[in-house]
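The structure appears right after this line, and notes come after that.
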Amino acid sequence: MQVLKLYNTYTKKIVDFQAINPPLVGIYVCGPTVYGHPHLGHARGPIVFDVLHRYLNHLGYKVRFVRNVTDVGHLVNDGDDGDDKVAKKAKLEQLEPMEIAQFYTDSYHLMLQQLNVLPASIEPRASGHIIEQIEMIQTIIENGFAYEANGSVYFDVIKYSKTNEYGKLSGRILDDLIAGAGNDSRELEGQNEKRNANDFALWKKASQEHIMQWSSPWGKGFPGWHIECSAMSKKYLGSTFDIHGGGMDLLFPHHESEIAQSVACSHQSPANIWMHHNMITINGQKMAKSLNNGISMQDFFKGNSPLLEKAYSPMTLKFFVLQAHYRGTLDFSNQALIAAEKGLHRLMTAYTTLQTIKPTENSSDLNIESFQKRCFEALNEDLNTPILIATLFEMVTLINNLSSDTQSINSKEFDLLKNIYHSFVFDILGLANESNSNSQHLDGLMQLLIDIRHEAKIKKDYALSDEIRNKLITLGIQLKDGKDGTTFSLN
Ligand SMILES: [Zn+2]
């Protein structure tokens with residue numbers, strides 16, 4: 001079979017995926033900074049990397065999927081000055097920073113569950129890996145690529161660049177960065193401790209009032225934002241692992257700095273392949289607090305925003321995201337979401353229809369294997385989910401033709417058709433039949449009530465059994481007692 005090809009942001013080339021240690025595959029994806037509820041912009045990454053995770057599982061790999069939780073070190077302006085995002089929120093709400101981190105981690109997990117995203121194998125927290133970060137910083141200092149200044153430690157970008165390419169991943173040229181920094185005459189806290197304005201913090205000295213701080217060889221302080229990912233990916237996946245993922249907004253400075261730190265520590269690039277997904281825009285505009293166009297995930301699912309004409313289900317959002325290639329832009333609009341809702345409905349209805357089809361004994365001239373081949377080809381071509389979905393829609397047309405007897409299928413091909421359709425829709429794209437899960441819940445609940453009523457009747461508690469029946473009638477649910485037990489119908 002054809003190999004999986006992925007676009008490597010580091011080399012700017014499509015490359016063959018070759019696991020370092022097959023059948024094991026190590027993936028590290030930058031996770032959330034947990035100081036607020038996830039919003040629409042946070043949904044794309046988990047959906048995209050879930051397809052990668054699921055597809056590699058399907059191909060028989062054993063995936064160790066690591067996604068970190070940033071609960072310390074990410075400062076408000078993404079640089080080396082300003083408040084810590086989690087600590088600032090904790091002060092505002094008069095809570096422990098770990099209460100904030102836990103609350104918003106739970107909120108993030110709820111979104112992942114709603115989007116039917118497979119759980120990570122390991123979810124390391126930055127605050128739980130301070131020792132590993134300190135050890136890595138010490139090695140970088142010993143190797144001559146970092147220096148201490150007034151209780152903080154900075155990465156020496158100029159020194160590193162003499163023997164390594166700083167800026168290769170993000171396509172930034174160091175001379176331009178230096179020129180840009182020179183024009184910026186900010187005299188912010190800590191900036192004057194740096195040998196060069198492009199140096200970034202590995203460790204920051206904490207002032208007394210700073211609520212999250214730890215002892216270190218350089219005094220009390222806290223880690224910089226970038227070092228956590230280098231230290232935790234090394235701990236759980238090794239010095240070089242298979243795939244590092246994240247959003248394009250993390251290319252610089254976060255991922256550029258991660259590469260520099262890992263090379264400065266281990267003389268090895270951390271990941272063989274770097275994958276970056278593009279961002280979601282709203283009506284052509286970037287999502288930003290200042291534009292007031294961010295929508296929290298829970299508001300999105302409830303239709304609770306002036307930007308939404310109605311509520312959209314988690315699977316509609318997932319399908320909408322998968323209809324675009326992950327490296328392309330994705331513009332949110334009600335029109336596009338309504339179209340996605342219809343598309344998803346067609347896909348799910350066809351699956352139900354598929355169960356009702358009876359194969360014939362006549363040999364058929366359908367070539368189901370070619371559908372299978374094209375589905376694999378689409379994903380092997382840098383996870384091209386829009387082409388996969390287009391192929392699935394061709395299968396929907398076939399299913400509808402089989403259902404209306406316009407075409408016929410023999411049982412061997414029918415088994416293959418069912419198998420491919422199920423694998424790609426549910427196992428690999430990770431879509432779920434939402435109406436189905438609701439009706440399963442209803443069936444379960446109704447059976448529970450019917451059993452309780454049955455018990456009540458045996459105990460001659462007719463008051464309770466009548467109450468159950470009558471209250472259900474007011475809810476529009478009718479119970480029917482028959483020879484083979486009790487059934488229900490919805491009015
Ligand atoms: Zn990261």
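Just so we're on the same page: first chain in the structure tokens is A, next is B, and so on; residues restart at 1 for each chain, and ligands are numbered from 1 in the order they show up.
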Identify, on the basis of only C-alpha atoms, every residue whose closest approach to region 58-63 of chain A does not exceed 9 Å; exclude the query and any residue fewer than 6 positions from it along the same chain; express the result as a ChimeraX atom specification.
-> /A:19,22-27,121,423,427-428
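Using only C-alpha atoms and all ligand atoms, residues with at least one atom at most 9 Å away from any atom of ligand 1 are Tyr28, Val29, Cys30, Gly31, Pro32, Arg67, Asn68, Thr70, Trp225, His226, Ile227, Glu228, Cys229, Ser230, Gly245, Gly246, Leu250, His254, His255 and Glu258 of chain A.
Across the structure, CA of Ile468 (chain A) and CA of His441 (chain A) are spaced 18.3 Å apart.
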Sorted by chain and rising residue number, which residues of region 230-278 of chain A lie within 12 Å of region 152-163 of chain A, and what are their closest atom pairs and distances in Å to one decimal, counting only C-alpha atoms, as CSV?
```
residue,atom,partner,partner_atom,distance
A:Pro253,CA,A:Val157,CA,11.8
A:Glu256,CA,A:Val157,CA,10.8
A:Ser257,CA,A:Phe155,CA,8.8
A:Glu258,CA,A:Phe155,CA,11.0
A:Ile259,CA,A:Tyr160,CA,11.2
A:Ala260,CA,A:Tyr160,CA,7.6
A:Gln261,CA,A:Phe155,CA,7.9
A:Ser262,CA,A:Phe155,CA,11.6
A:Val263,CA,A:Tyr160,CA,9.3
A:Ala264,CA,A:Tyr160,CA,7.5
A:Cys265,CA,A:Tyr160,CA,11.2
A:His267,CA,A:Thr163,CA,10.9
```
Contacts of Gly238 (chain A) at 10 Å or less, counting only C-alpha atoms, minus same-chain residues fewer than 5 places along, as a PyMOL selection string?
-> chain A and resi 26+231-233+270-271
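The interatomic distance for the pair CA of Phe252 (chain A) and CA of Ser170 (chain A) works out to 5.9 Å.
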Filtered DSSP result for region 342-490 of chain A, state strand (DSSP E), as an NGL selection string = :A and (477-482 or 485-490)
Would you please give, as an MDAnalysis selection string, all residues of region 219-425 of chain A that DSSP assigns to helix (DSSP H, G or I) based on the backbone?
-> chainID A and resid 227:237 248:266 289:291 297:302 314:322 334:356 368:380 385:403 411:425
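In this comparison, which uses only C-alpha atoms, the residue of A:Asn384, A:Glu309, A:Ala336, A:Ser266 approaching Asn143 (chain A) most closely is A:Ser266.
The residue that comes closest to Trp274 (chain A), out of A:Gly36, A:Leu322, A:Lys310, A:Leu169 and on the basis of only C-alpha atoms, is A:Leu169.
Straight-line separation from CA of Asn116 (chain A) to CA of His345 (chain A): 16.9 Å.
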Near Met315 (chain A), within 12 Å and counting only C-alpha atoms, which residues show up once chain neighbours fewer than 5 positions away are dropped, as a PyMOL selection string?
-> chain A and resi 43+47+111-117+301+320-322+337+340-345+347-348+425-426+429-435+437
Do you know which residues are at most 10 Å from Ala456 (chain A) counting only C-alpha atoms, after dropping those on the same chain fewer than 5 positions away, and could you put them as an NGL selection string?
-> :A and (450-451 or 461-466 or 468)
Take the residues that were just selected and, keeping all heavy atoms, output them as a PDB file, in the first residue's frame.
```pdb
ATOM      1  N   ILE A 450     -39.810   1.639  32.675  1.00  0.00           N
ATOM      2  CA  ILE A 450     -40.716   0.506  32.475  1.00  0.00           C
ATOM      3  C   ILE A 450     -40.428  -0.581  33.517  1.00  0.00           C
ATOM      4  O   ILE A 450     -41.346  -1.154  34.118  1.00  0.00           O
ATOM      5  CB  ILE A 450     -40.591  -0.050  31.019  1.00  0.00           C
ATOM      6  CG1 ILE A 450     -41.227   0.951  30.034  1.00  0.00           C
ATOM      7  CG2 ILE A 450     -41.222  -1.434  30.876  1.00  0.00           C
ATOM      8  CD1 ILE A 450     -40.924   0.695  28.567  1.00  0.00           C
ATOM      9  N   ASP A 451     -39.134  -0.809  33.788  1.00  0.00           N
ATOM     10  CA  ASP A 451     -38.754  -1.818  34.793  1.00  0.00           C
ATOM     11  C   ASP A 451     -39.226  -1.420  36.192  1.00  0.00           C
ATOM     12  O   ASP A 451     -39.731  -2.253  36.951  1.00  0.00           O
ATOM     13  CB  ASP A 451     -37.225  -2.020  34.804  1.00  0.00           C
ATOM     14  CG  ASP A 451     -36.731  -2.703  33.527  1.00  0.00           C
ATOM     15  OD1 ASP A 451     -37.583  -3.245  32.787  1.00  0.00           O
ATOM     16  OD2 ASP A 451     -35.510  -2.672  33.273  1.00  0.00           O
ATOM     17  N   ASP A 461     -47.985  -1.870  44.148  1.00  0.00           N
ATOM     18  CA  ASP A 461     -47.921  -0.423  44.391  1.00  0.00           C
ATOM     19  C   ASP A 461     -48.522   0.265  43.159  1.00  0.00           C
ATOM     20  O   ASP A 461     -47.807   0.837  42.338  1.00  0.00           O
ATOM     21  CB  ASP A 461     -46.453  -0.010  44.625  1.00  0.00           C
ATOM     22  CG  ASP A 461     -46.324   1.461  45.001  1.00  0.00           C
ATOM     23  OD1 ASP A 461     -47.347   2.185  44.949  1.00  0.00           O
ATOM     24  OD2 ASP A 461     -45.206   1.882  45.339  1.00  0.00           O
ATOM     25  N   TYR A 462     -49.843   0.177  43.047  1.00  0.00           N
ATOM     26  CA  TYR A 462     -50.493   0.699  41.832  1.00  0.00           C
ATOM     27  C   TYR A 462     -50.435   2.211  41.769  1.00  0.00           C
ATOM     28  O   TYR A 462     -50.458   2.806  40.686  1.00  0.00           O
ATOM     29  CB  TYR A 462     -51.938   0.183  41.736  1.00  0.00           C
ATOM     30  CG  TYR A 462     -51.985  -1.327  41.633  1.00  0.00           C
ATOM     31  CD1 TYR A 462     -52.500  -2.111  42.655  1.00  0.00           C
ATOM     32  CD2 TYR A 462     -51.460  -1.962  40.489  1.00  0.00           C
ATOM     33  CE1 TYR A 462     -52.504  -3.497  42.574  1.00  0.00           C
ATOM     34  CE2 TYR A 462     -51.462  -3.351  40.403  1.00  0.00           C
ATOM     35  CZ  TYR A 462     -51.989  -4.111  41.445  1.00  0.00           C
ATOM     36  OH  TYR A 462     -51.974  -5.466  41.347  1.00  0.00           O
ATOM     37  N   ALA A 463     -50.321   2.855  42.933  1.00  0.00           N
ATOM     38  CA  ALA A 463     -50.230   4.321  42.929  1.00  0.00           C
ATOM     39  C   ALA A 463     -48.994   4.746  42.151  1.00  0.00           C
ATOM     40  O   ALA A 463     -49.046   5.628  41.288  1.00  0.00           O
ATOM     41  CB  ALA A 463     -50.164   4.852  44.365  1.00  0.00           C
ATOM     42  N   LEU A 464     -47.856   4.071  42.435  1.00  0.00           N
ATOM     43  CA  LEU A 464     -46.599   4.426  41.743  1.00  0.00           C
ATOM     44  C   LEU A 464     -46.668   4.071  40.257  1.00  0.00           C
ATOM     45  O   LEU A 464     -46.295   4.868  39.390  1.00  0.00           O
ATOM     46  CB  LEU A 464     -45.413   3.727  42.404  1.00  0.00           C
ATOM     47  CG  LEU A 464     -44.043   3.995  41.760  1.00  0.00           C
ATOM     48  CD1 LEU A 464     -43.686   5.480  41.809  1.00  0.00           C
ATOM     49  CD2 LEU A 464     -42.938   3.171  42.428  1.00  0.00           C
ATOM     50  N   SER A 465     -47.180   2.872  39.944  1.00  0.00           N
ATOM     51  CA  SER A 465     -47.206   2.475  38.531  1.00  0.00           C
ATOM     52  C   SER A 465     -48.119   3.403  37.724  1.00  0.00           C
ATOM     53  O   SER A 465     -47.784   3.786  36.612  1.00  0.00           O
ATOM     54  CB  SER A 465     -47.611   1.007  38.376  1.00  0.00           C
ATOM     55  OG  SER A 465     -48.993   0.844  38.599  1.00  0.00           O
ATOM     56  N   ASP A 466     -49.248   3.830  38.316  1.00  0.00           N
ATOM     57  CA  ASP A 466     -50.130   4.777  37.607  1.00  0.00           C
ATOM     58  C   ASP A 466     -49.473   6.139  37.464  1.00  0.00           C
ATOM     59  O   ASP A 466     -49.619   6.804  36.435  1.00  0.00           O
ATOM     60  CB  ASP A 466     -51.465   4.928  38.360  1.00  0.00           C
ATOM     61  CG  ASP A 466     -52.328   3.681  38.195  1.00  0.00           C
ATOM     62  OD1 ASP A 466     -51.965   2.835  37.332  1.00  0.00           O
ATOM     63  OD2 ASP A 466     -53.329   3.547  38.925  1.00  0.00           O
ATOM     64  N   ILE A 468     -46.303   6.825  37.213  1.00  0.00           N
ATOM     65  CA  ILE A 468     -45.306   6.787  36.126  1.00  0.00           C
ATOM     66  C   ILE A 468     -46.003   6.903  34.774  1.00  0.00           C
ATOM     67  O   ILE A 468     -45.636   7.725  33.933  1.00  0.00           O
ATOM     68  CB  ILE A 468     -44.456   5.483  36.206  1.00  0.00           C
ATOM     69  CG1 ILE A 468     -43.561   5.531  37.459  1.00  0.00           C
ATOM     70  CG2 ILE A 468     -43.612   5.308  34.952  1.00  0.00           C
ATOM     71  CD1 ILE A 468     -42.795   4.240  37.730  1.00  0.00           C
TER      72      ILE A 468
END
```
For Asp71 (chain A): contacts at 12 Å, only C-alpha atoms, fewer than 3 positions along chain excluded, given as a ChimeraX atom specification | /A:31-36,68,74-75,84-90,96-105,123-130,212,222-225,228
If we count only C-alpha atoms, what is near Asp481 (chain A) at a cut-off of 12 Å, once residues fewer than 3 positions away on the same chain are taken out, given as a PyMOL selection string?
-> chain A and resi 450+453-454+469+478+484-489
Which of A:Asp176, A:Glu209, A:Asp106, A:Asp382 sits closest to Asn8 (chain A) [using only C-alpha atoms] = A:Asp382
